[in-house]
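Student: This is input_13.pdb, which holds PDB, C-alpha atoms:
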```
ATOM      1  CA  MET A   1     134.212  86.213 112.725
ATOM      2  CA  ARG A   2     133.036  82.600 112.445
ATOM      3  CA  TRP A   3     135.208  81.428 109.593
ATOM      4  CA  GLU A   4     138.646  79.877 109.843
ATOM      5  CA  SER A   5     139.670  81.148 106.432
ATOM      6  CA  TRP A   6     138.281  82.838 103.355
ATOM      7  CA  SER A   7     138.253  79.543 101.507
ATOM      8  CA  ALA A   8     136.078  78.043 104.270
ATOM      9  CA  PHE A   9     133.781  81.047 103.870
ATOM     10  CA  TRP A  10     133.436  80.571 100.117
ATOM     11  CA  HIS A  11     133.048  76.820 100.531
ATOM     12  CA  MET A  12     129.986  77.299 102.847
ATOM     13  CA  GLY A  13     130.340  73.835 104.337
ATOM     14  CA  GLY A  14     129.710  72.231 100.949
ATOM     15  CA  TYR A  15     126.629  74.320 100.146
ATOM     16  CA  ALA A  16     128.562  76.898  98.106
ATOM     17  CA  MET A  17     126.554  76.423  94.903
ATOM     18  CA  TYR A  18     123.207  76.775  96.671
ATOM     19  CA  VAL A  19     124.099  79.640  99.011
ATOM     20  CA  TRP A  20     126.087  81.707  96.513
ATOM     21  CA  GLY A  21     123.658  80.844  93.734
ATOM     22  CA  SER A  22     120.928  82.435  95.872
ATOM     23  CA  VAL A  23     122.895  85.470  97.044
ATOM     24  CA  GLY A  24     124.340  86.056  93.571
ATOM     25  CA  MET A  25     121.000  85.870  91.797
ATOM     26  CA  CYS A  26     119.389  88.224  94.342
ATOM     27  CA  MET A  27     122.123  90.835  94.069
ATOM     28  CA  ALA A  28     122.322  90.575  90.267
ATOM     29  CA  SER A  29     118.540  90.897  89.859
ATOM     30  CA  LEU A  30     118.316  93.924  92.128
ATOM     31  CA  ALA A  31     121.240  95.577  90.317
ATOM     32  CA  LEU A  32     119.503  94.880  87.011
ATOM     33  CA  GLU A  33     116.270  96.411  88.305
ATOM     34  CA  VAL A  34     118.110  99.570  89.402
ATOM     35  CA  TRP A  35     119.797  99.829  86.009
ATOM     36  CA  TRP A  36     116.476  99.302  84.235
ATOM     37  CA  ALA A  37     114.658 101.972  86.299
ATOM     38  CA  ARG A  38     117.447 104.478  85.646
ATOM     39  CA  ARG A  39     117.308 103.746  81.936
ATOM     40  CA  GLU A  40     113.563 104.292  81.951
ATOM     41  CA  ARG A  41     113.995 107.705  83.591
ATOM     42  CA  THR A  42     116.725 108.716  81.130
ATOM     43  CA  ASN A  43     114.598 107.619  78.167
ATOM     44  CA  THR A  44     111.493 109.348  79.529
ATOM     45  CA  LEU A  45     113.343 112.629  79.993
ATOM     46  CA  ARG A  46     114.966 112.351  76.565
ATOM     47  CA  ASP A  47     111.579 111.869  74.882
ATOM     48  CA  LEU A  48     110.050 114.695  76.928
ATOM     49  CA  ARG A  49     112.788 117.144  75.967
ATOM     50  CA  ALA A  50     112.439 116.211  72.304
ATOM     51  CA  GLU A  51     108.674 116.716  72.486
ATOM     52  CA  LEU A  52     109.023 120.087  74.255
ATOM     53  CA  ALA A  53     111.684 121.249  71.788
ATOM     54  CA  ALA A  54     109.446 120.287  68.869
ATOM     55  CA  GLN A  55     106.572 122.247  70.438
ATOM     56  CA  ALA A  56     108.778 125.293  70.972
ATOM     57  CA  ALA A  57     109.995 125.109  67.367
ATOM     58  CA  ALA A  58     106.409 124.867  66.103
ATOM     59  CA  LEU A  59     105.421 127.925  68.161
ATOM     60  CA  GLU A  60     108.378 129.907  66.833
ATOM     61  CA  GLY A  61     107.443 128.914  63.288
ATOM     62  CA  GLU A  62     103.931 130.293  63.844
ATOM     63  CA  GLY A  63     105.302 133.554  65.250
ATOM     64  CA  THR A  64     107.357 134.495  62.153
TER      65      THR A  64
ATOM     66  CA  MET B  65      95.670 117.835 115.808
ATOM     67  CA  ARG B  66      96.666 119.270 112.481
ATOM     68  CA  ARG B  67      95.120 117.552 109.535
ATOM     69  CA  ILE B  68      97.520 115.968 107.119
ATOM     70  CA  PRO B  69      96.804 117.376 103.668
ATOM     71  CA  TRP B  70      96.464 114.016 101.877
ATOM     72  CA  THR B  71      94.897 115.507  98.803
ATOM     73  CA  HIS B  72      97.862 117.854  98.516
ATOM     74  CA  PHE B  73     100.321 114.913  98.355
ATOM     75  CA  ALA B  74      97.968 113.002  96.084
ATOM     76  CA  ALA B  75      98.555 115.568  93.330
ATOM     77  CA  PRO B  76     101.149 114.187  90.877
ATOM     78  CA  GLN B  77     103.094 117.467  90.895
ATOM     79  CA  THR B  78     103.598 117.437  94.677
ATOM     80  CA  PHE B  79     104.272 113.726  94.739
ATOM     81  CA  TYR B  80     106.922 114.077  92.035
ATOM     82  CA  GLY B  81     108.842 116.581  94.142
ATOM     83  CA  LEU B  82     108.385 114.652  97.378
ATOM     84  CA  ALA B  83     109.508 111.361  95.790
ATOM     85  CA  GLY B  84     112.503 113.173  94.296
ATOM     86  CA  VAL B  85     113.625 114.290  97.752
ATOM     87  CA  CYS B  86     113.020 110.917  99.447
ATOM     88  CA  TRP B  87     114.310 108.198  97.128
ATOM     89  CA  LYS B  88     118.028 108.846  97.505
ATOM     90  CA  PRO B  89     118.315 108.711 101.329
ATOM     91  CA  LEU B  90     116.073 105.611 101.264
ATOM     92  CA  ALA B  91     118.332 103.949  98.692
ATOM     93  CA  PHE B  92     121.423 104.613 100.831
ATOM     94  CA  LEU B  93     119.603 103.374 103.944
ATOM     95  CA  ALA B  94     118.631 100.165 102.116
ATOM     96  CA  LEU B  95     122.258  99.610 101.100
ATOM     97  CA  ALA B  96     123.503 100.196 104.656
ATOM     98  CA  LEU B  97     120.887  97.827 106.098
ATOM     99  CA  ALA B  98     121.764  95.166 103.519
ATOM    100  CA  VAL B  99     125.490  95.420 104.329
ATOM    101  CA  ALA B 100     124.712  95.135 108.063
ATOM    102  CA  GLY B 101     122.298  92.238 107.460
ATOM    103  CA  MET B 102     124.800  90.365 105.273
ATOM    104  CA  TRP B 103     127.502  90.898 107.908
ATOM    105  CA  VAL B 104     125.339  89.556 110.733
ATOM    106  CA  GLY B 105     123.972  86.729 108.596
ATOM    107  CA  PHE B 106     127.213  85.528 107.058
ATOM    108  CA  MET B 107     129.873  86.555 109.574
ATOM    109  CA  VAL B 108     128.199  86.536 112.995
ATOM    110  CA  ALA B 109     125.290  84.059 112.926
ATOM    111  CA  PRO B 110     126.214  80.519 113.996
ATOM    112  CA  THR B 111     126.083  77.366 111.887
ATOM    113  CA  ASP B 112     122.684  75.671 112.006
ATOM    114  CA  ALA B 113     122.615  72.377 113.915
ATOM    115  CA  GLN B 114     120.544  70.587 111.269
ATOM    116  CA  GLN B 115     121.283  72.341 107.982
ATOM    117  CA  GLY B 116     124.908  73.357 108.440
ATOM    118  CA  GLU B 117     125.858  76.429 106.408
ATOM    119  CA  GLY B 118     123.141  75.743 103.824
ATOM    120  CA  TYR B 119     120.553  77.460 105.976
ATOM    121  CA  ARG B 120     122.155  80.864 105.234
ATOM    122  CA  ILE B 121     119.921  81.079 102.158
ATOM    123  CA  ILE B 122     117.310  82.143 104.736
ATOM    124  CA  PHE B 123     118.816  85.649 104.911
ATOM    125  CA  TRP B 124     117.568  86.292 101.376
ATOM    126  CA  HIS B 125     114.761  83.754 101.011
ATOM    127  CA  VAL B 126     112.562  84.909 103.892
ATOM    128  CA  PRO B 127     112.908  88.695 103.277
ATOM    129  CA  VAL B 128     112.208  88.457  99.528
ATOM    130  CA  SER B 129     109.240  86.136 100.181
ATOM    131  CA  TRP B 130     107.762  88.486 102.768
ATOM    132  CA  MET B 131     108.181  91.450 100.439
ATOM    133  CA  SER B 132     106.585  89.605  97.517
ATOM    134  CA  MET B 133     103.439  89.278  99.651
ATOM    135  CA  ILE B 134     103.556  92.743 101.236
ATOM    136  CA  ILE B 135     104.008  94.469  97.874
ATOM    137  CA  TYR B 136     100.996  92.649  96.448
ATOM    138  CA  LEU B 137      98.899  93.756  99.416
ATOM    139  CA  ALA B 138     100.134  97.323  98.862
ATOM    140  CA  MET B 139      99.061  97.073  95.199
ATOM    141  CA  ALA B 140      95.623  95.880  96.313
ATOM    142  CA  PHE B 141      95.421  98.781  98.788
ATOM    143  CA  TRP B 142      96.189 101.308  96.049
ATOM    144  CA  GLY B 143      93.735  99.424  93.835
ATOM    145  CA  VAL B 144      90.972 100.113  96.343
ATOM    146  CA  VAL B 145      92.027 103.779  96.595
ATOM    147  CA  CYS B 146      92.024 103.967  92.785
ATOM    148  CA  LEU B 147      88.516 102.525  92.437
ATOM    149  CA  VAL B 148      86.930 104.344  95.386
ATOM    150  CA  PHE B 149      88.560 107.789  95.325
ATOM    151  CA  ARG B 150      89.667 107.863  91.666
ATOM    152  CA  ALA B 151      92.991 109.224  92.873
ATOM    153  CA  ARG B 152      95.392 109.592  89.971
ATOM    154  CA  MET B 153      98.478 108.671  91.976
ATOM    155  CA  ALA B 154      96.957 105.370  93.206
ATOM    156  CA  GLY B 155      97.080 103.673  89.798
ATOM    157  CA  MET B 156     100.593 104.912  89.164
ATOM    158  CA  LEU B 157     101.786 103.608  92.540
ATOM    159  CA  SER B 158     100.303 100.163  91.810
ATOM    160  CA  GLN B 159     102.156 100.092  88.519
ATOM    161  CA  ALA B 160     105.360 101.297  90.136
ATOM    162  CA  LEU B 161     105.104  98.511  92.736
ATOM    163  CA  ALA B 162     104.469  95.630  90.330
ATOM    164  CA  PRO B 163     107.952  95.082  88.811
ATOM    165  CA  THR B 164     109.657  95.081  92.220
ATOM    166  CA  GLY B 165     107.025  92.686  93.581
ATOM    167  CA  ALA B 166     107.391  90.379  90.584
ATOM    168  CA  LEU B 167     111.150  90.375  91.073
ATOM    169  CA  PHE B 168     110.822  89.491  94.759
ATOM    170  CA  ALA B 169     108.362  86.680  93.926
ATOM    171  CA  PHE B 170     110.813  85.332  91.341
ATOM    172  CA  LEU B 171     113.683  85.515  93.854
ATOM    173  CA  SER B 172     111.547  83.745  96.445
ATOM    174  CA  LEU B 173     111.039  80.848  94.013
ATOM    175  CA  TRP B 174     114.684  80.868  92.913
ATOM    176  CA  THR B 175     116.201  80.871  96.400
ATOM    177  CA  GLY B 176     113.542  78.349  97.485
ATOM    178  CA  ALA B 177     114.589  75.974  94.690
ATOM    179  CA  LEU B 178     118.243  76.330  95.652
ATOM    180  CA  TRP B 179     117.330  75.619  99.250
ATOM    181  CA  GLY B 180     114.963  72.747  98.454
ATOM    182  CA  LYS B 181     117.482  70.824  96.363
ATOM    183  CA  PRO B 182     120.062  70.133  99.130
ATOM    184  CA  MET B 183     117.517  69.812 101.965
ATOM    185  CA  TRP B 184     114.580  67.983 100.332
ATOM    186  CA  GLY B 185     116.379  66.529  97.328
ATOM    187  CA  ALA B 186     114.139  68.365  94.842
ATOM    188  CA  TRP B 187     114.281  71.794  93.143
ATOM    189  CA  TRP B 188     110.509  71.922  93.076
ATOM    190  CA  VAL B 189     107.533  70.086  94.571
ATOM    191  CA  TRP B 190     103.837  70.823  93.967
ATOM    192  CA  ASP B 191     103.389  71.769  97.573
ATOM    193  CA  ALA B 192     100.732  74.274  98.765
ATOM    194  CA  ARG B 193     103.283  76.917  99.808
ATOM    195  CA  LEU B 194     105.341  76.688  96.634
ATOM    196  CA  THR B 195     102.358  76.506  94.300
ATOM    197  CA  SER B 196     100.596  79.506  95.840
ATOM    198  CA  GLU B 197     103.838  81.538  95.610
ATOM    199  CA  LEU B 198     104.111  80.550  91.940
ATOM    200  CA  ILE B 199     100.530  81.767  91.451
ATOM    201  CA  LEU B 200     101.543  85.063  93.079
ATOM    202  CA  PHE B 201     104.368  85.410  90.552
ATOM    203  CA  PHE B 202     101.904  84.805  87.703
ATOM    204  CA  LEU B 203      99.505  87.369  89.191
ATOM    205  CA  TYR B 204     102.278  89.979  89.069
ATOM    206  CA  ILE B 205     103.070  89.064  85.450
ATOM    207  CA  GLY B 206      99.356  89.211  84.603
ATOM    208  CA  PHE B 207      99.001  92.626  86.258
ATOM    209  CA  ILE B 208     101.989  94.008  84.341
ATOM    210  CA  ALA B 209     100.832  92.519  81.029
ATOM    211  CA  LEU B 210      97.264  93.776  81.457
ATOM    212  CA  THR B 211      98.111  97.339  82.532
ATOM    213  CA  SER B 212     100.676  97.762  79.768
ATOM    214  CA  ALA B 213      98.312  96.362  77.110
ATOM    215  CA  ILE B 214      95.570  98.957  77.759
ATOM    216  CA  GLU B 215      96.249 102.277  76.059
ATOM    217  CA  ASP B 216      94.041 104.547  78.147
ATOM    218  CA  PRO B 217      95.835 104.988  81.491
ATOM    219  CA  ARG B 218      92.654 105.437  83.551
ATOM    220  CA  ARG B 219      91.141 102.242  82.155
ATOM    221  CA  ALA B 220      94.454 100.430  82.662
ATOM    222  CA  ASP B 221      94.437 101.612  86.297
ATOM    223  CA  ARG B 222      90.941 100.301  86.921
ATOM    224  CA  ALA B 223      91.579  96.929  85.239
ATOM    225  CA  GLY B 224      94.842  96.579  87.187
ATOM    226  CA  ALA B 225      93.082  97.509  90.434
ATOM    227  CA  LEU B 226      90.637  94.629  89.926
ATOM    228  CA  VAL B 227      93.427  92.108  89.328
ATOM    229  CA  ALA B 228      95.279  93.410  92.386
ATOM    230  CA  ILE B 229      92.240  93.219  94.658
ATOM    231  CA  VAL B 230      91.015  89.794  93.519
ATOM    232  CA  GLY B 231      94.547  88.388  93.474
ATOM    233  CA  ALA B 232      95.181  89.606  97.022
ATOM    234  CA  LEU B 233      93.026  86.683  98.213
ATOM    235  CA  ASN B 234      95.999  84.501  97.334
ATOM    236  CA  VAL B 235      98.277  86.224  99.861
ATOM    237  CA  PRO B 236      96.699  84.803 103.050
ATOM    238  CA  ILE B 237      96.611  81.421 101.284
ATOM    239  CA  ILE B 238     100.400  81.611 100.840
ATOM    240  CA  TYR B 239     100.930  82.755 104.395
ATOM    241  CA  PHE B 240      98.752  80.156 106.099
ATOM    242  CA  SER B 241      99.426  77.312 103.612
ATOM    243  CA  VAL B 242     101.982  75.736 105.957
ATOM    244  CA  LYS B 243      99.311  75.572 108.683
ATOM    245  CA  TRP B 244      96.287  74.614 106.607
ATOM    246  CA  TRP B 245      97.896  71.833 104.602
ATOM    247  CA  ASN B 246     100.441  69.201 105.334
ATOM    248  CA  THR B 247     103.361  70.660 103.441
ATOM    249  CA  LEU B 248     107.013  69.853 102.938
ATOM    250  CA  HIS B 249     107.812  73.500 103.521
ATOM    251  CA  GLN B 250     108.752  74.286 107.102
ATOM    252  CA  GLY B 251     106.467  76.428 109.290
ATOM    253  CA  ALA B 252     106.811  80.136 109.970
ATOM    254  CA  SER B 253     110.340  81.175 110.994
ATOM    255  CA  VAL B 254     109.101  84.108 113.011
ATOM    256  CA  SER B 255     105.774  84.488 114.737
ATOM    257  CA  LEU B 256     104.373  87.063 117.107
ATOM    258  CA  ASN B 257     102.910  84.738 119.709
ATOM    259  CA  ARG B 258     105.851  82.482 120.458
ATOM    260  CA  ALA B 259     109.592  82.704 120.947
ATOM    261  CA  PRO B 260     111.519  82.446 117.675
ATOM    262  CA  SER B 261     112.877  78.987 116.961
ATOM    263  CA  MET B 262     116.312  80.296 116.042
ATOM    264  CA  ALA B 263     119.390  81.913 117.523
ATOM    265  CA  GLN B 264     119.200  85.649 118.272
ATOM    266  CA  THR B 265     121.861  86.568 115.716
ATOM    267  CA  MET B 266     120.106  84.543 112.994
ATOM    268  CA  LEU B 267     116.909  86.418 113.753
ATOM    269  CA  TRP B 268     118.687  89.787 113.682
ATOM    270  CA  GLY B 269     120.350  89.003 110.375
ATOM    271  CA  MET B 270     116.994  88.109 108.890
ATOM    272  CA  LEU B 271     115.213  91.164 110.266
ATOM    273  CA  LEU B 272     117.961  93.500 109.012
ATOM    274  CA  MET B 273     117.711  91.956 105.539
ATOM    275  CA  ALA B 274     113.917  92.206 105.647
ATOM    276  CA  LEU B 275     114.163  95.884 106.555
ATOM    277  CA  ALA B 276     116.721  96.417 103.769
ATOM    278  CA  CYS B 277     114.338  94.847 101.224
ATOM    279  CA  TRP B 278     111.465  96.947 102.541
ATOM    280  CA  VAL B 279     113.368 100.234 102.269
ATOM    281  CA  TYR B 280     114.751  99.193  98.870
ATOM    282  CA  ALA B 281     111.201  98.611  97.624
ATOM    283  CA  LEU B 282     110.134 102.036  98.918
ATOM    284  CA  ALA B 283     113.032 103.788  97.177
ATOM    285  CA  MET B 284     112.393 101.853  93.969
ATOM    286  CA  VAL B 285     108.669 102.634  93.932
ATOM    287  CA  LEU B 286     109.258 106.353  94.515
ATOM    288  CA  TYR B 287     111.901 106.431  91.782
ATOM    289  CA  ARG B 288     109.801 104.519  89.267
ATOM    290  CA  SER B 289     106.633 106.495  90.016
ATOM    291  CA  ARG B 290     108.480 109.676  88.964
ATOM    292  CA  SER B 291     109.019 108.267  85.461
ATOM    293  CA  LEU B 292     105.350 107.237  85.302
ATOM    294  CA  ILE B 293     104.242 110.726  86.375
ATOM    295  CA  LEU B 294     106.376 112.349  83.685
ATOM    296  CA  GLN B 295     104.962 110.020  81.030
ATOM    297  CA  ARG B 296     101.352 110.635  82.018
ATOM    298  CA  GLU B 297     101.569 114.355  82.760
ATOM    299  CA  ARG B 298     103.804 115.253  79.848
ATOM    300  CA  HIS B 299     101.355 117.841  78.525
ATOM    301  CA  ALA B 300     101.089 119.653  81.876
ATOM    302  CA  ASP B 301     102.739 123.056  82.270
ATOM    303  CA  TRP B 302     104.516 122.130  85.478
ATOM    304  CA  VAL B 303     106.309 119.287  83.682
ATOM    305  CA  ALA B 304     107.495 121.623  80.919
ATOM    306  CA  GLN B 305     108.900 123.963  83.570
ATOM    307  CA  LEU B 306     110.885 121.288  85.456
ATOM    308  CA  PRO B 307     114.638 121.975  85.413
ATOM    309  CA  GLU B 308     115.328 118.375  84.257
ATOM    310  CA  CYS B 309     113.117 118.950  81.209
ATOM    311  CA  GLN B 310     115.083 121.933  79.942
ATOM    312  CA  PRO B 311     117.305 121.298  76.886
ATOM    313  CA  GLY B 312     120.905 120.405  77.639
ATOM    314  CA  VAL B 313     120.392 119.362  81.277
ATOM    315  CA  PRO B 314     121.734 115.891  82.094
ATOM    316  CA  ALA B 315     119.150 113.422  83.464
TER     317      ALA B 315
END
```
Translate this file's structure into structure tokens.
Tutor:
Amino acid sequence: MRWESWSAFWHMGGYAMYVWGSVGMCMASLALEVWWARRERTNTLRDLRAELAAQAAALEGEGT
Amino acid sequence: MRRIPWTHFAAPQTFYGLAGVCWKPLAFLALALAVAGMWVGFMVAPTDAQQGEGYRIIFWHVPVSWMSMIIYLAMAFWGVVCLVFRARMAGMLSQALAPTGALFAFLSLWTGALWGKPMWGAWWVWDARLTSELILFFLYIGFIALTSAIEDPRRADRAGALVAIVGALNVPIIYFSVKWWNTLHQGASVSLNRAPSMAQTMLWGMLLMALACWVYALAMVLYRSRSLILQRERHADWVAQLPECQPGVPA
């Protein structure tokens, strides 16, 4: 390892704000994108199930 | 040689299953590559002689910038496939690519600003490289806005394909801008016809991160395309018969 201590690591030779501002924004954005894509899938499936259930109910109503 | 049954995989039903099998191992691979890349970049790679520790922004800046260009070219490729072969999956893949590409373009500008400030003394300059990357970001936003504004999915696909193909002209401009114009932005970090101008471990850190971003984009596109397929094919029988569409099954 190149760093003398953890505090030296976080300090980044005085560039902490720039380096961690970059790394942090990248990681946060990618995490947000993953969360967003998962939410879209959940919502899509929820709507689909509701639509299919409504269709099934309509068919049953016709049958009786 | 056995022929690869492209048309078989081009059917949304087959693609849905294939993408469902592939996205998870790709996502784990991306995570592993990113951990390895971050380790090499932040724990192994030496301090830069000129830029001190500030140069470590490179381990995100270069990979996200590369991917922002590659993803746009991929969208243009699927745009051509959409217009020429009228393949249904092509339009969906373009739309699945766009948000990830837009995000990478944004991150390229963000990390570039945070790198420019300490090294050049400015968050932003109207330099050829920076301006053409900003245009790329706007092209992504335009593509997303246009395709989501058009109701009919086939028309949205064709309009999006045009934007993707015409906009792809901007990608070589971004890439060669540092050669064609006198820019503040430094030249290419890696090039095929000369030895890299950086330490081996720096290069490895960057390549690992680039690979991580690439695999991440693949996983993301496969995952997102599955939602798009379900939305577009919701009246198809095969969708109604999917186990995840049965009542009471968790997503």
Student: Sorted by chain and rising residue number, which residues of chain A lie within 9 Å of chain B, and what are their closest atom pairs and distances in Å to one decimal, counting only C-alpha atoms, as JSON lines?
Tutor:
```
{"residue": "A:Met1", "atom": "CA", "partner": "B:Met107", "partner_atom": "CA", "distance": 5.4}
{"residue": "A:Arg2", "atom": "CA", "partner": "B:Met107", "partner_atom": "CA", "distance": 5.8}
{"residue": "A:Trp3", "atom": "CA", "partner": "B:Met107", "partner_atom": "CA", "distance": 7.4}
{"residue": "A:Phe9", "atom": "CA", "partner": "B:Phe106", "partner_atom": "CA", "distance": 8.6}
{"residue": "A:Met12", "atom": "CA", "partner": "B:Glu117", "partner_atom": "CA", "distance": 5.5}
{"residue": "A:Gly13", "atom": "CA", "partner": "B:Glu117", "partner_atom": "CA", "distance": 5.6}
{"residue": "A:Gly14", "atom": "CA", "partner": "B:Glu117", "partner_atom": "CA", "distance": 7.9}
{"residue": "A:Tyr15", "atom": "CA", "partner": "B:Gly118", "partner_atom": "CA", "distance": 5.3}
{"residue": "A:Ala16", "atom": "CA", "partner": "B:Gly118", "partner_atom": "CA", "distance": 8.0}
{"residue": "A:Met17", "atom": "CA", "partner": "B:Leu178", "partner_atom": "CA", "distance": 8.3}
{"residue": "A:Tyr18", "atom": "CA", "partner": "B:Leu178", "partner_atom": "CA", "distance": 5.1}
{"residue": "A:Val19", "atom": "CA", "partner": "B:Ile121", "partner_atom": "CA", "distance": 5.4}
{"residue": "A:Trp20", "atom": "CA", "partner": "B:Ile121", "partner_atom": "CA", "distance": 8.4}
{"residue": "A:Gly21", "atom": "CA", "partner": "B:Leu178", "partner_atom": "CA", "distance": 7.3}
{"residue": "A:Ser22", "atom": "CA", "partner": "B:Thr175", "partner_atom": "CA", "distance": 5.0}
{"residue": "A:Val23", "atom": "CA", "partner": "B:Trp124", "partner_atom": "CA", "distance": 6.9}
{"residue": "A:Met25", "atom": "CA", "partner": "B:Leu171", "partner_atom": "CA", "distance": 7.6}
{"residue": "A:Cys26", "atom": "CA", "partner": "B:Leu171", "partner_atom": "CA", "distance": 6.3}
{"residue": "A:Ser29", "atom": "CA", "partner": "B:Leu167", "partner_atom": "CA", "distance": 7.5}
{"residue": "A:Leu30", "atom": "CA", "partner": "B:Leu167", "partner_atom": "CA", "distance": 8.1}
{"residue": "A:Glu33", "atom": "CA", "partner": "B:Thr164", "partner_atom": "CA", "distance": 7.8}
{"residue": "A:Val34", "atom": "CA", "partner": "B:Met284", "partner_atom": "CA", "distance": 7.7}
{"residue": "A:Ala37", "atom": "CA", "partner": "B:Arg288", "partner_atom": "CA", "distance": 6.2}
{"residue": "A:Arg38", "atom": "CA", "partner": "B:Arg288", "partner_atom": "CA", "distance": 8.5}
{"residue": "A:Glu40", "atom": "CA", "partner": "B:Ser291", "partner_atom": "CA", "distance": 7.0}
{"residue": "A:Arg41", "atom": "CA", "partner": "B:Ser291", "partner_atom": "CA", "distance": 5.3}
{"residue": "A:Thr42", "atom": "CA", "partner": "B:Ala315", "partner_atom": "CA", "distance": 5.8}
{"residue": "A:Thr44", "atom": "CA", "partner": "B:Ser291", "partner_atom": "CA", "distance": 6.5}
{"residue": "A:Leu45", "atom": "CA", "partner": "B:Cys309", "partner_atom": "CA", "distance": 6.4}
{"residue": "A:Arg46", "atom": "CA", "partner": "B:Ala315", "partner_atom": "CA", "distance": 8.1}
{"residue": "A:Leu48", "atom": "CA", "partner": "B:Cys309", "partner_atom": "CA", "distance": 6.8}
{"residue": "A:Arg49", "atom": "CA", "partner": "B:Cys309", "partner_atom": "CA", "distance": 5.6}
{"residue": "A:Ala50", "atom": "CA", "partner": "B:Pro311", "partner_atom": "CA", "distance": 8.4}
{"residue": "A:Glu51", "atom": "CA", "partner": "B:Arg298", "partner_atom": "CA", "distance": 8.9}
{"residue": "A:Leu52", "atom": "CA", "partner": "B:Ala304", "partner_atom": "CA", "distance": 7.0}
{"residue": "A:Ala53", "atom": "CA", "partner": "B:Pro311", "partner_atom": "CA", "distance": 7.6}
```
Student: One number please: CA of Leu90 (chain B) to CA of Val279 (chain B), in Å, one decimal.
Tutor: 6.1 Å
Student: Go through B:Ala98, B:Ala213, B:Ala169, B:Met156 and flag the residue nearest Gly143 (chain B), using only C-alpha atoms for the distances.
Tutor: B:Met156
Student: Could you work out how far CA of Leu271 (chain B) lies from CA of Leu157 (chain B), giving the answer in Å with one decimal?
Tutor: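 Straight-line distance from CA of Leu157 (chain B) to CA of Leu271 (chain B) works out to 25.5 Å.
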Student: Could you list, as a ChimeraX atom specification, every residue matched by the PyMOL selection byres ((chain B and resi 194-200) around 9) in this structure?
Tutor: /B:129,132-133,136,166,169-170,172-173,176,188-193,201-205,231-232,234-235,237-238,241,249
Student: What does the distance from CA of Pro76 (chain B) to CA of Met153 (chain B) come to in Å, to one decimal?
Tutor: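 Distance between the two atoms: 6.2 Å.
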Student: Quick one: residues within 12 Å of Leu226 (chain B), only C-alpha atoms, excluding same-chain residues fewer than 5 positions away - as a list in words?
Tutor: Met139, Ala140, Phe141, Trp142, Gly143, Val144, Val145, Cys146, Leu147, Val148, Gly155, Ser158, Leu203, Gly206, Phe207, Leu210, Thr211, Arg219, Ala220, Asp221, Gly231, Ala232 and Leu233 of chain B
Student: Expand the PyMOL selection byres ((chain B and resi 251) around 6) into the explicit residue set it covers here, and present it as a ChimeraX atom specification.
Tutor: /B:242,250,252
Student: Between B:Leu306, B:Leu286, B:Leu272, B:Ala138, single out the one closest to Ile229 (chain B), counting all atoms listed in the file.
Tutor: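 Checking each of B:Leu306, B:Leu286, B:Leu272, B:Ala138 against Ile229 (chain B), counting all atoms listed in the file, the winner is B:Ala138.
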Student: Could N, CA and C atoms be built for region 16-26 of chain A and written out as a compact mmCIF listing (two decimals), keeping the file's coordinate frame?
Tutor:
```
# COMPACT_ATOMS: atom_id res chain seq x y z
N ALA A 16 128.16 75.69 98.83
CA ALA A 16 128.56 76.90 98.11
C ALA A 16 127.63 77.21 96.93
N MET A 17 127.35 76.18 96.10
CA MET A 17 126.55 76.42 94.90
C MET A 17 125.17 76.96 95.26
N TYR A 18 124.57 76.39 96.30
CA TYR A 18 123.21 76.78 96.67
C TYR A 18 123.17 78.15 97.34
N VAL A 19 124.10 78.37 98.29
CA VAL A 19 124.10 79.64 99.01
C VAL A 19 124.52 80.78 98.08
N TRP A 20 125.62 80.60 97.37
CA TRP A 20 126.09 81.71 96.51
C TRP A 20 125.22 81.86 95.28
N GLY A 21 124.61 80.75 94.84
CA GLY A 21 123.66 80.84 93.73
C GLY A 21 122.45 81.70 94.11
N SER A 22 122.05 81.62 95.39
CA SER A 22 120.93 82.44 95.87
C SER A 22 121.34 83.89 96.03
N VAL A 23 122.44 84.10 96.77
CA VAL A 23 122.90 85.47 97.04
C VAL A 23 123.23 86.18 95.73
N GLY A 24 123.91 85.46 94.84
CA GLY A 24 124.34 86.06 93.57
C GLY A 24 123.15 86.46 92.73
N MET A 25 122.17 85.55 92.62
CA MET A 25 121.00 85.87 91.80
C MET A 25 120.23 87.06 92.38
N CYS A 26 120.10 87.11 93.71
CA CYS A 26 119.39 88.22 94.34
C CYS A 26 120.09 89.54 94.04
```
